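S.K.: Got structure-v4.cif for you, mmCIF, C-alpha atoms (C1' of nucleotides):
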data_upload
loop_
_atom_site.label_atom_id
_atom_site.label_comp_id
_atom_site.auth_asym_id
_atom_site.auth_seq_id
_atom_site.Cartn_x
_atom_site.Cartn_y
_atom_site.Cartn_z
CA MET A 1 13.40 5.09 3.87
CA SER A 2 13.22 1.89 5.85
CA LEU A 3 9.72 0.59 5.21
CA PRO A 4 10.61 -1.30 2.01
CA HIS A 5 13.45 -3.00 3.86
CA ALA A 6 11.22 -3.90 6.76
CA ILE A 7 8.88 -5.54 4.26
CA LEU A 8 11.72 -7.34 2.51
CA THR A 9 12.88 -8.71 5.85
CA ALA A 10 9.40 -9.89 6.73
CA LEU A 11 8.90 -11.53 3.32
CA LEU A 12 12.26 -13.29 3.52
CA GLU A 13 11.31 -14.70 6.89
CA LYS A 14 8.08 -15.92 5.30
CA PRO A 15 6.29 -15.07 2.02
CA SER A 16 2.99 -13.40 2.83
CA SER A 17 0.01 -11.52 1.50
CA GLY A 18 -0.67 -7.87 2.32
CA LEU A 19 -2.98 -8.73 5.18
CA GLU A 20 -0.61 -11.29 6.65
CA LEU A 21 2.13 -8.67 6.56
CA THR A 22 -0.19 -6.21 8.28
CA ARG A 23 -0.83 -8.75 11.04
CA ARG A 24 2.88 -9.45 11.44
CA PHE A 25 3.63 -5.74 11.62
CA ASP A 26 1.05 -5.47 14.38
CA LYS A 27 2.97 -8.20 16.19
CA SER A 28 6.66 -8.78 15.88
CA ILE A 29 8.05 -6.52 13.17
CA GLY A 30 6.01 -3.51 14.23
CA TYR A 31 7.61 -3.60 17.68
CA PHE A 32 10.48 -1.65 16.15
CA TRP A 33 9.10 -0.56 12.77
CA SER A 34 5.38 0.07 12.69
CA ALA A 35 3.33 0.37 9.51
CA THR A 36 -0.32 0.51 8.53
CA HIS A 37 -1.93 -1.64 5.87
CA GLN A 38 -2.14 1.32 3.49
CA GLN A 39 1.58 1.86 3.66
CA ILE A 40 2.17 -1.84 3.19
CA TYR A 41 0.00 -2.20 0.10
CA ARG A 42 1.50 0.87 -1.53
CA GLU A 43 5.01 -0.33 -0.81
CA LEU A 44 4.26 -3.84 -2.05
CA GLY A 45 3.20 -2.28 -5.34
CA ARG A 46 6.43 -0.32 -5.60
CA LEU A 47 8.61 -3.27 -4.69
CA GLU A 48 6.91 -5.40 -7.34
CA THR A 49 7.30 -2.67 -9.95
CA ASP A 50 10.98 -2.35 -9.07
CA GLY A 51 11.50 -6.07 -9.50
CA LEU A 52 12.50 -6.74 -5.89
CA ILE A 53 9.56 -9.02 -5.10
CA ARG A 54 6.95 -10.92 -7.11
CA ALA A 55 3.49 -12.29 -6.53
CA LEU A 56 3.50 -16.04 -6.05
CA PRO A 57 2.35 -17.37 -9.42
CA SER A 58 -0.08 -19.88 -7.94
CA GLU A 59 -2.53 -17.19 -6.90
CA GLN A 60 -4.79 -15.19 -9.17
CA PRO A 61 -4.53 -11.41 -8.86
CA ALA A 62 -8.18 -10.34 -8.68
CA ARG A 63 -9.30 -7.58 -6.36
CA GLY A 64 -10.29 -8.86 -2.96
CA GLN A 65 -8.24 -12.00 -3.58
CA ARG A 66 -5.32 -12.85 -1.39
CA LYS A 67 -2.07 -12.27 -3.20
CA SER A 68 1.16 -13.55 -1.66
CA TYR A 69 4.61 -12.17 -2.42
CA GLU A 70 8.10 -13.58 -2.29
CA VAL A 71 11.47 -11.83 -2.46
CA LEU A 72 13.49 -12.00 -5.67
CA PRO A 73 17.31 -12.18 -5.70
CA ALA A 74 17.49 -8.46 -6.47
CA GLY A 75 15.42 -7.80 -3.37
CA ARG A 76 17.67 -9.87 -1.16
CA ALA A 77 20.71 -8.08 -2.56
CA GLU A 78 19.15 -4.67 -1.90
CA LEU A 79 18.34 -5.65 1.68
CA ALA A 80 21.90 -6.88 2.26
CA ARG A 81 23.27 -3.64 0.80
CA TRP A 82 21.00 -1.49 2.99
CA THR A 83 21.73 -3.49 6.13
CA ALA A 84 25.47 -3.02 5.77
CA ALA A 85 25.36 0.64 4.67
CA SER A 86 26.44 3.32 7.11
CA GLN A 87 23.40 5.18 8.45
CA ASP A 88 23.14 8.06 10.87
CA PRO A 89 20.81 7.70 13.84
CA ARG A 90 17.47 9.39 13.33
CA PRO A 91 16.77 12.56 15.30
CA MET A 92 15.07 11.90 18.61
CA ARG A 93 11.43 12.88 19.07
CA ASP A 94 9.81 11.99 22.36
CA THR A 95 6.56 13.64 23.32
CA LEU A 96 6.64 12.55 26.96
CA LEU A 97 10.00 14.18 27.64
CA LEU A 98 8.86 17.31 25.87
CA ARG A 99 5.72 17.47 27.98
CA MET A 100 7.78 16.98 31.12
CA ARG A 101 9.94 19.94 30.17
CA ALA A 102 6.85 22.00 29.33
CA ALA A 103 5.42 21.09 32.73
CA ALA A 104 8.48 22.66 34.34
CA VAL A 105 7.24 25.94 32.87
CA VAL A 106 3.44 25.77 32.87
CA GLY A 107 2.93 23.39 35.80
CA THR A 108 2.25 19.72 36.27
CA ALA A 109 -1.52 19.87 36.57
CA GLY A 110 -3.14 16.89 34.85
CA LEU A 111 0.11 15.36 33.61
CA GLY A 112 0.46 12.82 36.39
CA GLN A 113 -2.65 10.99 35.28
CA ASP A 114 -1.34 10.43 31.78
CA LEU A 115 2.07 9.40 33.13
CA ARG A 116 0.36 6.68 35.15
CA ARG A 117 -1.44 5.54 32.03
CA HIS A 118 1.84 5.36 30.12
CA LEU A 119 3.44 3.45 32.95
CA GLU A 120 0.71 0.86 32.70
CA LEU A 121 1.14 0.62 28.90
CA HIS A 122 4.88 0.08 29.24
CA ARG A 123 4.39 -2.54 31.95
CA ARG A 124 2.07 -4.47 29.67
CA GLN A 125 4.47 -4.25 26.75
CA LEU A 126 7.30 -5.44 28.97
CA ALA A 127 5.24 -8.40 30.15
CA GLU A 128 4.45 -9.28 26.54
CA TYR A 129 8.11 -9.19 25.56
CA GLU A 130 9.05 -11.36 28.50
CA GLU A 131 6.42 -13.89 27.48
CA ILE A 132 7.90 -13.98 23.98
CA GLU A 133 11.38 -14.43 25.40
CA LYS A 134 10.26 -17.32 27.56
CA ARG A 135 8.47 -18.94 24.63
CA ASP A 136 10.93 -18.33 21.76
CA PHE A 137 14.30 -18.16 23.48
CA PRO A 138 14.58 -20.78 26.19
CA PRO A 139 18.06 -20.94 27.75
CA GLY A 140 20.60 -23.07 25.95
CA ARG A 141 19.92 -22.55 22.27
CA ASP A 142 22.21 -20.55 20.13
CA SER A 143 22.08 -20.59 16.39
CA SER A 144 23.44 -17.36 14.99
CA GLN A 145 19.98 -16.33 13.76
CA ASP A 146 18.52 -16.99 17.18
CA ARG A 147 21.16 -14.92 18.92
CA LEU A 148 20.59 -11.94 16.62
CA ARG A 149 16.83 -12.07 17.01
CA HIS A 150 17.19 -12.50 20.74
CA LEU A 151 19.36 -9.37 20.81
CA VAL A 152 16.58 -7.40 19.18
CA LEU A 153 14.08 -8.68 21.71
CA ARG A 154 16.45 -7.86 24.56
CA ALA A 155 16.59 -4.27 23.29
CA GLY A 156 12.81 -4.12 23.52
CA ILE A 157 12.81 -5.59 27.01
CA ASP A 158 15.52 -3.26 28.26
CA LEU A 159 13.85 -0.21 26.74
CA GLU A 160 10.52 -1.02 28.34
CA THR A 161 12.29 -1.68 31.61
CA PHE A 162 13.91 1.73 31.36
CA TRP A 163 10.58 3.47 30.74
CA THR A 164 8.79 1.74 33.60
CA ARG A 165 11.60 2.67 35.97
CA TRP A 166 11.80 6.24 34.73
CA LEU A 167 8.07 6.78 34.89
CA THR A 168 7.89 5.27 38.38
CA HIS A 169 10.63 7.62 39.49
CA ALA A 170 9.07 10.59 37.72
CA LEU A 171 5.71 10.03 39.35
CA GLU A 172 7.27 10.81 42.72
CA GLU A 173 7.19 14.43 41.57
CA PHE A 174 3.46 14.28 41.00
CA PRO A 175 0.99 14.69 43.81
CA GLU A 176 -1.89 12.27 43.74
CA ASP A 177 -4.12 14.44 41.64
CA VAL A 178 -7.02 12.06 41.83
CA PRO A 179 -9.37 12.56 38.90
CA GLY A 180 -12.41 14.43 40.19
CA PRO A 181 -15.98 13.16 39.94
CA GLY A 182 -16.11 14.80 36.50
CA THR A 183 -19.34 15.01 34.56
CA ALA A 184 -20.44 11.44 35.15
CA MET B 185 1.84 17.77 16.24
CA SER B 186 4.34 18.66 18.91
CA LEU B 187 6.63 21.15 17.21
CA PRO B 188 4.52 24.21 18.07
CA HIS B 189 4.50 23.14 21.71
CA ALA B 190 8.23 22.59 21.70
CA ILE B 191 8.64 26.14 20.42
CA LEU B 192 6.20 27.54 22.98
CA THR B 193 8.17 25.81 25.74
CA ALA B 194 11.45 27.21 24.44
CA LEU B 195 10.03 30.72 24.12
CA LEU B 196 8.57 30.61 27.62
CA GLU B 197 11.96 29.63 28.97
CA LYS B 198 13.41 32.61 27.09
CA PRO B 199 12.06 34.85 24.29
CA SER B 200 14.18 34.32 21.20
CA SER B 201 14.57 34.97 17.50
CA GLY B 202 14.34 32.25 14.88
CA LEU B 203 18.06 31.68 14.80
CA GLU B 204 18.39 31.60 18.54
CA LEU B 205 15.65 29.00 18.64
CA THR B 206 17.48 27.01 15.98
CA ARG B 207 20.65 27.07 18.10
CA ARG B 208 18.75 26.00 21.19
CA PHE B 209 17.10 23.17 19.30
CA ASP B 210 20.55 22.05 18.25
CA LYS B 211 21.47 22.00 21.91
CA SER B 212 19.07 21.33 24.73
CA ILE B 213 15.55 21.15 23.32
CA GLY B 214 16.56 19.14 20.27
CA TYR B 215 17.86 16.35 22.49
CA PHE B 216 14.30 15.10 22.67
CA TRP B 217 12.53 17.08 19.93
CA SER B 218 14.68 18.00 16.97
CA ALA B 219 13.76 20.64 14.39
CA THR B 220 15.44 22.43 11.51
CA HIS B 221 15.43 26.18 11.01
CA GLN B 222 12.94 25.86 8.14
CA GLN B 223 10.44 24.12 10.37
CA ILE B 224 10.98 26.69 13.07
CA TYR B 225 10.43 29.74 10.87
CA ARG B 226 7.30 28.28 9.33
CA GLU B 227 5.92 27.38 12.74
CA LEU B 228 6.76 30.81 14.18
CA GLY B 229 4.69 32.34 11.39
CA ARG B 230 1.75 30.08 12.18
CA LEU B 231 1.96 30.68 15.92
CA GLU B 232 2.00 34.44 15.35
CA THR B 233 -0.97 34.24 12.98
CA ASP B 234 -2.86 32.18 15.53
CA GLY B 235 -2.21 34.76 18.23
CA LEU B 236 -0.18 32.45 20.48
CA ILE B 237 3.03 34.44 20.24
CA ARG B 238 4.00 37.94 19.11
CA ALA B 239 7.14 39.65 17.88
CA LEU B 240 8.73 41.80 20.55
CA PRO B 241 7.64 45.34 19.61
CA SER B 242 11.10 46.84 20.10
CA GLU B 243 12.44 45.18 16.97
CA GLN B 244 11.66 46.17 13.39
CA PRO B 245 10.46 43.33 11.15
CA ALA B 246 12.60 43.78 8.01
CA ARG B 247 13.96 40.79 6.16
CA GLY B 248 17.36 39.73 7.40
CA GLN B 249 16.68 41.52 10.68
CA ARG B 250 16.53 39.60 13.89
CA LYS B 251 12.99 39.31 15.13
CA SER B 252 12.37 38.03 18.65
CA TYR B 253 9.16 36.45 19.83
CA GLU B 254 7.46 36.10 23.16
CA VAL B 255 4.56 33.88 24.24
CA LEU B 256 1.12 35.46 24.72
CA PRO B 257 -1.32 34.29 27.41
CA ALA B 258 -3.24 32.27 24.82
CA GLY B 259 -0.02 30.47 23.95
CA ARG B 260 0.71 29.60 27.55
CA ALA B 261 -2.83 28.31 27.96
CA GLU B 262 -2.53 26.15 24.86
CA LEU B 263 0.75 24.69 26.09
CA ALA B 264 -0.75 23.90 29.49
CA ARG B 265 -3.73 22.26 27.81
CA TRP B 266 -1.52 20.15 25.53
CA THR B 267 0.80 19.13 28.34
CA ALA B 268 -2.03 17.78 30.44
CA ALA B 269 -3.95 16.13 27.60
CA SER B 270 -3.93 12.35 27.31
CA GLN B 271 -1.68 11.27 24.43
CA ASP B 272 -0.85 7.85 23.10
CA PRO B 273 2.79 6.88 22.71
CA ARG B 274 4.04 7.24 19.16
CA PRO B 275 4.77 4.07 17.20
CA MET B 276 8.34 2.90 17.53
CA ARG B 277 10.68 3.20 14.57
CA ASP B 278 14.27 2.14 15.10
CA THR B 279 16.46 1.52 12.11
CA LEU B 280 19.23 -0.20 14.01
CA LEU B 281 16.97 -2.89 15.43
CA LEU B 282 15.43 -3.39 12.01
CA ARG B 283 18.86 -3.83 10.45
CA MET B 284 19.79 -6.31 13.15
CA ARG B 285 16.75 -8.38 12.34
CA ALA B 286 17.48 -8.12 8.63
CA ALA B 287 21.03 -9.29 9.35
CA ALA B 288 19.58 -12.45 10.88
CA VAL B 289 18.27 -13.23 7.39
CA VAL B 290 20.82 -11.82 4.93
CA GLY B 291 23.94 -12.01 7.07
CA THR B 292 25.95 -9.65 9.23
CA ALA B 293 28.59 -8.66 6.66
CA GLY B 294 29.47 -4.98 7.02
CA LEU B 295 27.05 -4.26 9.83
CA GLY B 296 29.59 -4.53 12.65
CA GLN B 297 31.47 -1.52 11.40
CA ASP B 298 28.45 0.74 11.56
CA LEU B 299 27.49 -0.66 14.96
CA ARG B 300 30.89 0.39 16.27
CA ARG B 301 30.35 3.85 14.83
CA HIS B 302 26.96 4.10 16.55
CA LEU B 303 28.50 2.94 19.80
CA GLU B 304 31.00 5.77 19.60
CA LEU B 305 28.24 8.30 18.86
CA HIS B 306 26.20 7.15 21.85
CA ARG B 307 29.25 7.25 24.11
CA ARG B 308 29.88 10.85 23.12
CA GLN B 309 26.26 11.82 23.66
CA LEU B 310 26.32 10.17 27.07
CA ALA B 311 29.48 12.05 28.02
CA GLU B 312 27.85 15.32 26.93
CA TYR B 313 24.76 14.65 29.04
CA GLU B 314 26.90 13.81 32.05
CA GLU B 315 28.78 17.07 31.63
CA ILE B 316 25.49 18.95 31.59
CA GLU B 317 24.32 17.11 34.69
CA LYS B 318 27.51 17.98 36.54
CA ARG B 319 27.23 21.62 35.49
CA ASP B 320 23.49 22.28 35.85
CA PHE B 321 22.38 19.85 38.55
CA PRO B 322 24.94 19.71 41.33
CA PRO B 323 23.79 17.56 44.28
CA GLY B 324 21.64 19.31 46.85
CA ARG B 325 19.41 21.64 44.87
CA ASP B 326 15.79 20.96 44.45
CA SER B 327 13.38 23.54 43.19
CA SER B 328 10.43 21.88 41.52
CA GLN B 329 11.50 23.18 38.11
CA ASP B 330 14.99 21.82 38.63
CA ARG B 331 13.73 18.40 39.59
CA LEU B 332 11.53 18.15 36.50
CA ARG B 333 14.29 19.27 34.16
CA HIS B 334 16.72 16.94 35.88
CA LEU B 335 14.28 14.08 35.29
CA VAL B 336 14.31 14.82 31.57
CA LEU B 337 18.10 14.83 31.53
CA ARG B 338 18.20 11.56 33.49
CA ALA B 339 16.04 9.98 30.80
CA GLY B 340 18.60 11.04 28.21
CA ILE B 341 21.46 9.67 30.29
CA ASP B 342 19.74 6.38 30.95
CA LEU B 343 18.75 5.94 27.32
CA GLU B 344 22.29 6.55 26.10
CA THR B 345 23.57 4.20 28.78
CA PHE B 346 21.18 1.55 27.53
CA TRP B 347 22.34 1.95 23.93
CA THR B 348 26.04 1.81 24.77
CA ARG B 349 25.49 -1.35 26.79
CA TRP B 350 23.30 -2.95 24.18
CA LEU B 351 25.67 -2.15 21.33
CA THR B 352 28.64 -3.41 23.32
CA HIS B 353 26.81 -6.64 23.96
CA ALA B 354 25.61 -6.91 20.37
CA LEU B 355 29.12 -6.47 19.00
CA GLU B 356 30.10 -9.75 20.60
CA GLU B 357 28.14 -11.37 17.77
CA PHE B 358 30.24 -9.60 15.17
CA PRO B 359 33.63 -10.90 14.09
CA GLU B 360 36.27 -8.21 13.77
CA ASP B 361 35.58 -7.51 10.14
CA VAL B 362 38.43 -5.05 9.80
CA PRO B 363 37.80 -2.63 6.94
CA GLY B 364 40.01 -3.68 4.08
CA PRO B 365 42.63 -1.45 2.44
CA GLY B 366 39.88 -0.12 0.21
CA THR B 367 40.62 2.19 -2.71
CA ALA B 368 42.99 4.49 -0.88
"C1'" DA C 369 33.65 47.32 -3.22
"C1'" DA C 370 33.88 42.67 -2.89
"C1'" DT C 371 33.38 38.62 -0.27
"C1'" DA C 372 32.02 35.56 3.33
"C1'" DG C 373 28.72 34.20 6.36
"C1'" DC C 374 24.67 35.52 9.16
"C1'" DA C 375 19.63 35.50 9.38
"C1'" DT C 376 15.22 34.66 7.45
"C1'" DG C 377 12.69 32.77 4.54
"C1'" DT C 378 10.25 29.80 -0.07
"C1'" DA C 379 9.54 25.64 -2.92
"C1'" DA C 380 9.61 20.80 -4.03
"C1'" DT C 381 9.57 16.34 -2.41
"C1'" DC C 382 8.67 12.40 0.40
"C1'" DG C 383 6.92 9.36 3.92
"C1'" DG C 384 3.21 8.66 7.22
"C1'" DT C 385 -1.63 9.30 8.68
"C1'" DT C 386 -6.53 9.53 8.09
"C1'" DA C 387 -10.55 8.91 5.55
"C1'" DC C 388 -12.82 6.69 2.14
"C1'" DA C 389 -14.00 2.97 -1.59
"C1'" DT C 390 -14.87 -1.60 -3.37
"C1'" DG C 391 -14.76 -6.60 -4.32
"C1'" DA C 392 -14.87 -11.10 -1.93
"C1'" DT C 393 -16.19 -14.16 1.96
"C1'" DT C 394 -18.71 -15.67 5.95
"C1'" DA C 395 -22.53 -15.75 9.20
"C1'" DT C 396 -27.44 -15.36 10.12
"C1'" DA D 397 -30.77 -12.52 0.72
"C1'" DT D 398 -28.71 -9.52 3.74
"C1'" DA D 399 -25.44 -7.91 6.79
"C1'" DA D 400 -21.02 -8.04 8.67
"C1'" DT D 401 -16.43 -8.51 8.07
"C1'" DC D 402 -12.32 -9.65 5.39
"C1'" DA D 403 -8.98 -8.14 2.02
"C1'" DT D 404 -7.10 -4.86 -1.06
"C1'" DG D 405 -6.74 -0.85 -2.45
"C1'" DT D 406 -7.16 5.09 -3.62
"C1'" DA D 407 -7.13 9.93 -2.35
"C1'" DA D 408 -6.25 13.90 0.44
"C1'" DC D 409 -3.71 15.79 3.90
"C1'" DC D 410 0.13 16.95 6.88
"C1'" DG D 411 4.64 17.23 8.89
"C1'" DA D 412 9.48 16.62 8.02
"C1'" DT D 413 13.45 16.86 4.88
"C1'" DT D 414 16.19 18.85 1.21
"C1'" DA D 415 17.41 22.30 -1.91
"C1'" DC D 416 17.29 26.82 -3.07
"C1'" DA D 417 16.65 32.16 -2.61
"C1'" DT D 418 17.32 36.75 -0.65
"C1'" DG D 419 18.52 40.54 2.37
"C1'" DC D 420 21.67 42.12 5.90
"C1'" DT D 421 26.38 42.56 8.47
"C1'" DA D 422 31.16 42.33 9.15
"C1'" DT D 423 35.75 41.75 7.28
"C1'" DT D 424 39.31 42.86 3.97
#
Would you give me this structure, written as structure tokens?
M.R.:
Amino acid sequence: MSLPHAILTALLEKPSSGLELTRRFDKSIGYFWSATHQQIYRELGRLETDGLIRALPSEQPARGQRKSYEVLPAGRAELARWTAASQDPRPMRDTLLLRMRAAAVVGTAGLGQDLRRHLELHRRQLAEYEEIEKRDFPPGRDSSQDRLRHLVLRAGIDLETFWTRWLTHALEEFPEDVPGPGTA
Amino acid sequence: MSLPHAILTALLEKPSSGLELTRRFDKSIGYFWSATHQQIYRELGRLETDGLIRALPSEQPARGQRKSYEVLPAGRAELARWTAASQDPRPMRDTLLLRMRAAAVVGTAGLGQDLRRHLELHRRQLAEYEEIEKRDFPPGRDSSQDRLRHLVLRAGIDLETFWTRWLTHALEEFPEDVPGPGTA
DNA sequence: AATAGCATGTAATCGGTTACATGATTAT
DNA sequence: ATAATCATGTAACCGATTACATGCTATT
């Protein structure tokens, strides 16, 4: 549904090959729309077939050769159409909240440890976002593009902040079930 | 991945038929793990085959007849195992943030209207959660089960609060593109 | 008895995930 | 030269979504 449009956005920001797109999805784009390289290659094929993008003519299309793509006018038009179209929010699916509710029924044994792990992951993500904000959005710049992209980053920061706070609060319900000596 | 465990949790809270489960997923459970009735019926069949749940013996299993299920000990054990197991967070996929980033490239025309619609949806969801909190978690009760379930609800409230704030802030970037007279 | 809608399903499709394959490039 | 890794794919699977089918119940 949205993967082709994520790719169009990325290619408009900068024409890229499949691998470059994969790298960028691992970094910035994937922060709110993740994709694997298999998805990306398949979708690039479809987008080219549909006439929304094309391979940059300078490169030769042999297997194992880098092939870069750029967006055609039809692709830009499709992205503009999709961006403006009315779309319902996707149904929520959060495993952590589900497990918390399950724990209310079957007990909290073992869950605290994984909550602490998640807390650490969210703290790291938050720190990474804040680094990006410091680097890319210093105070006192404000082109329209910058403001929109900054908004997206702020959403990421605020979401990670929410999770770290919630997990910290939640962990008060969990006794320090120190992991035992185990089998080591 | 998580649907069977969502169903096990729901059935442990209260044995139910397929339709009752569907209703409950539309209400409380579905707030963090949505499912359609087709998914639910298929999964009930699998869970019964696997010996994790069973149909309540009192009811006859004819088509079009209500059939209620309860969780067997093996089902409870599986849910406890899954709840405690270490699980990585799922990759993020948010259409709204993606569209915002696309708008930075192709322009914001038309997007503001849908943002306002989303803002209204999130406000309503927030109001619903706050009603539930007032009704089910009055101040001064604190069984362990209550605290865990309250935590889950607080996550919902805080998430909806985040979205309403973020959307309100984001809309400052959008000129009042009043919908034209249209074709009416 | 006819109709509406309640309750339980089946089938087709589609996107995402995992596992595997293969040609090109780089390092030793 | 060989091995490791880079880069681009293909195939099989799996869960979720959408559309459709069928039997039962209540209303008129």
S.K.: I need the residue nearest DT393 of chain C from this list: D:DC409, D:DA422, D:DA400, D:DC416. Use only C-alpha atoms (C1' of nucleotides) for the distance.
M.R.: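 For DT393 of chain C, the nearest of the candidates is D:DA400.
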S.K.: When you draw a straight line from atom CA of Gly140 of chain A to atom CA of Thr348 of chain B, how long is it in Å?
M.R.: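 These atoms are spaced 25.5 Å apart.
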S.K.: Near chain A, which residues of chain D fall within 10 Å when you count all atoms listed in the file, and what do they look like as a PDB file with C-alpha atoms (C1' of nucleotides), in the coordinates of the input?
M.R.:
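Here's the written file result.pdb:
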ATOM      1  C1'  DC D 402     -12.320  -9.650   5.390  1.00  0.00           C
ATOM      2  C1'  DA D 403      -8.980  -8.140   2.020  1.00  0.00           C
ATOM      3  C1'  DT D 404      -7.100  -4.860  -1.060  1.00  0.00           C
ATOM      4  C1'  DG D 405      -6.740  -0.850  -2.450  1.00  0.00           C
ATOM      5  C1'  DT D 406      -7.160   5.090  -3.620  1.00  0.00           C
TER       6       DT D 406
END
S.K.: Select all residues from chain C having any atom no more than 8 Å from an atom of chain B (counting all atoms listed in the file, ignoring ligands), output as a ChimeraX atom specification.
M.R.: /C:375-377
S.K.: Please report as an mmCIF file with C-alpha atoms, keeping the file's coordinate frame which residues of chain A come no farther than 6 Å from chain B, using only C-alpha atoms.
M.R.:
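iface_15.cif written:
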data_model
loop_
_atom_site.group_PDB
_atom_site.id
_atom_site.type_symbol
_atom_site.label_atom_id
_atom_site.label_comp_id
_atom_site.auth_asym_id
_atom_site.auth_seq_id
_atom_site.Cartn_x
_atom_site.Cartn_y
_atom_site.Cartn_z
ATOM 1 C CA THR A 9 12.880 -8.710 5.850
ATOM 2 C CA PHE A 32 10.480 -1.650 16.150
ATOM 3 C CA TRP A 33 9.100 -0.560 12.770
ATOM 4 C CA ALA A 80 21.900 -6.880 2.260
ATOM 5 C CA THR A 83 21.730 -3.490 6.130
ATOM 6 C CA ALA A 84 25.470 -3.020 5.770
ATOM 7 C CA SER A 86 26.440 3.320 7.110
ATOM 8 C CA MET A 92 15.070 11.900 18.610
ATOM 9 C CA ARG A 93 11.430 12.880 19.070
ATOM 10 C CA ASP A 94 9.810 11.990 22.360
ATOM 11 C CA LEU A 97 10.000 14.180 27.640
ATOM 12 C CA ARG A 99 5.720 17.470 27.980
ATOM 13 C CA ARG A 101 9.940 19.940 30.170
ATOM 14 C CA ALA A 102 6.850 22.000 29.330
ATOM 15 C CA ALA A 104 8.480 22.660 34.340
ATOM 16 C CA VAL A 106 3.440 25.770 32.870
ATOM 17 C CA GLY A 110 -3.140 16.890 34.850
ATOM 18 C CA LEU A 111 0.110 15.360 33.610
ATOM 19 C CA ASP A 114 -1.340 10.430 31.780
ATOM 20 C CA GLN A 145 19.980 -16.330 13.760
ATOM 21 C CA LEU A 148 20.590 -11.940 16.620
ATOM 22 C CA ARG A 149 16.830 -12.070 17.010
ATOM 23 C CA VAL A 152 16.580 -7.400 19.180
#
S.K.: At a cut-off of 7 Å, using all atoms listed in the file, what residues contact Glu70 of chain A? Leave out same-chain residues fewer than 5 positions from it and give the result as a list of chain:residue names.
M.R.: A:Leu11, A:Pro15, A:Ile53, A:Arg54, A:Ala55, A:Leu56
S.K.: Mind writing the picked residues with C-alpha atoms as an mmCIF file, in the frame of the given file?
M.R.:
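The resulting part_36.cif:
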data_model
loop_
_atom_site.group_PDB
_atom_site.id
_atom_site.type_symbol
_atom_site.label_atom_id
_atom_site.label_comp_id
_atom_site.auth_asym_id
_atom_site.auth_seq_id
_atom_site.Cartn_x
_atom_site.Cartn_y
_atom_site.Cartn_z
ATOM 1 C CA LEU A 11 8.900 -11.530 3.320
ATOM 2 C CA PRO A 15 6.290 -15.070 2.020
ATOM 3 C CA ILE A 53 9.560 -9.020 -5.100
ATOM 4 C CA ARG A 54 6.950 -10.920 -7.110
ATOM 5 C CA ALA A 55 3.490 -12.290 -6.530
ATOM 6 C CA LEU A 56 3.500 -16.040 -6.050
#
S.K.: Could you tell me how far atom CA of Arg46 of chain A sits from atom CA of Gly75 of chain A, in Å to one decimal place?
M.R.: 11.9 Å
S.K.: Please, what distance in Å, to one decimal, runs between atom C1' of DA407 of chain D and atom C1' of DT386 of chain C?
M.R.: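 Computed distance, atom C1' of DA407 of chain D to atom C1' of DT386 of chain C, equals 10.5 Å.
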S.K.: Report the residues retrieved by the PyMOL selection byres ((chain D and resi 413) around 9) from the displayed file, expressed as a list in words.
M.R.: Thr220 of chain B; DT381 and DC382 of chain C; DA412 and DT414 of chain D
S.K.: Taking all atoms of segment 385-393 of chain C that appear in the file, build a box with edges along x, y and z, extend it by 3 Å on every side, and state its centre and edge lengths in Å to one decimal, as JSON.
M.R.:
{"center_x": -8.9, "center_y": -2.3, "center_z": 2.2, "size_x": 20.6, "size_y": 29.7, "size_z": 19.0}
S.K.: Give as a PyMOL selection string the residues that the PyMOL selection byres ((chain C and resi 374) around 8) matches when applied to the coordinates above.
M.R.: (chain C and resi 373+375) or (chain D and resi 420-421)
S.K.: In the coordinate frame of the file, compute which residues have an atom within 8 Å of (12.9, 36.7, -1.1) when using all atoms listed in the file, and state them as a PyMOL selection string.
M.R.: (chain C and resi 377-378) or (chain D and resi 417-419)
S.K.: Running the PyMOL selection byres ((chain D and resi 399) around 9) on this model by hand, what would come out? Give it as a list in words.
M.R.: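 Given this file, the PyMOL selection byres ((chain D and resi 399) around 9) evaluates to DA395 and DT396 of chain C; DT398 and DA400 of chain D.
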S.K.: Would you write out those residues with C-alpha atoms (C1' of nucleotides), as a PDB file, in the coordinates of the input?
M.R.:
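Resulting contents of out-v9.pdb:
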ATOM      1  C1'  DA C 395     -22.530 -15.750   9.200  1.00  0.00           C
ATOM      2  C1'  DT C 396     -27.440 -15.360  10.120  1.00  0.00           C
TER       3       DT C 396
ATOM      4  C1'  DT D 398     -28.710  -9.520   3.740  1.00  0.00           C
ATOM      5  C1'  DA D 400     -21.020  -8.040   8.670  1.00  0.00           C
TER       6       DA D 400
END
S.K.: Neighbours of DT423 of chain D within 12 Å (all atoms listed in the file; same-chain residues fewer than 3 positions away dropped), as a list in words?
M.R.: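 In the requested form, the answer reads DA370, DT371, DA372 and DG373 of chain C.
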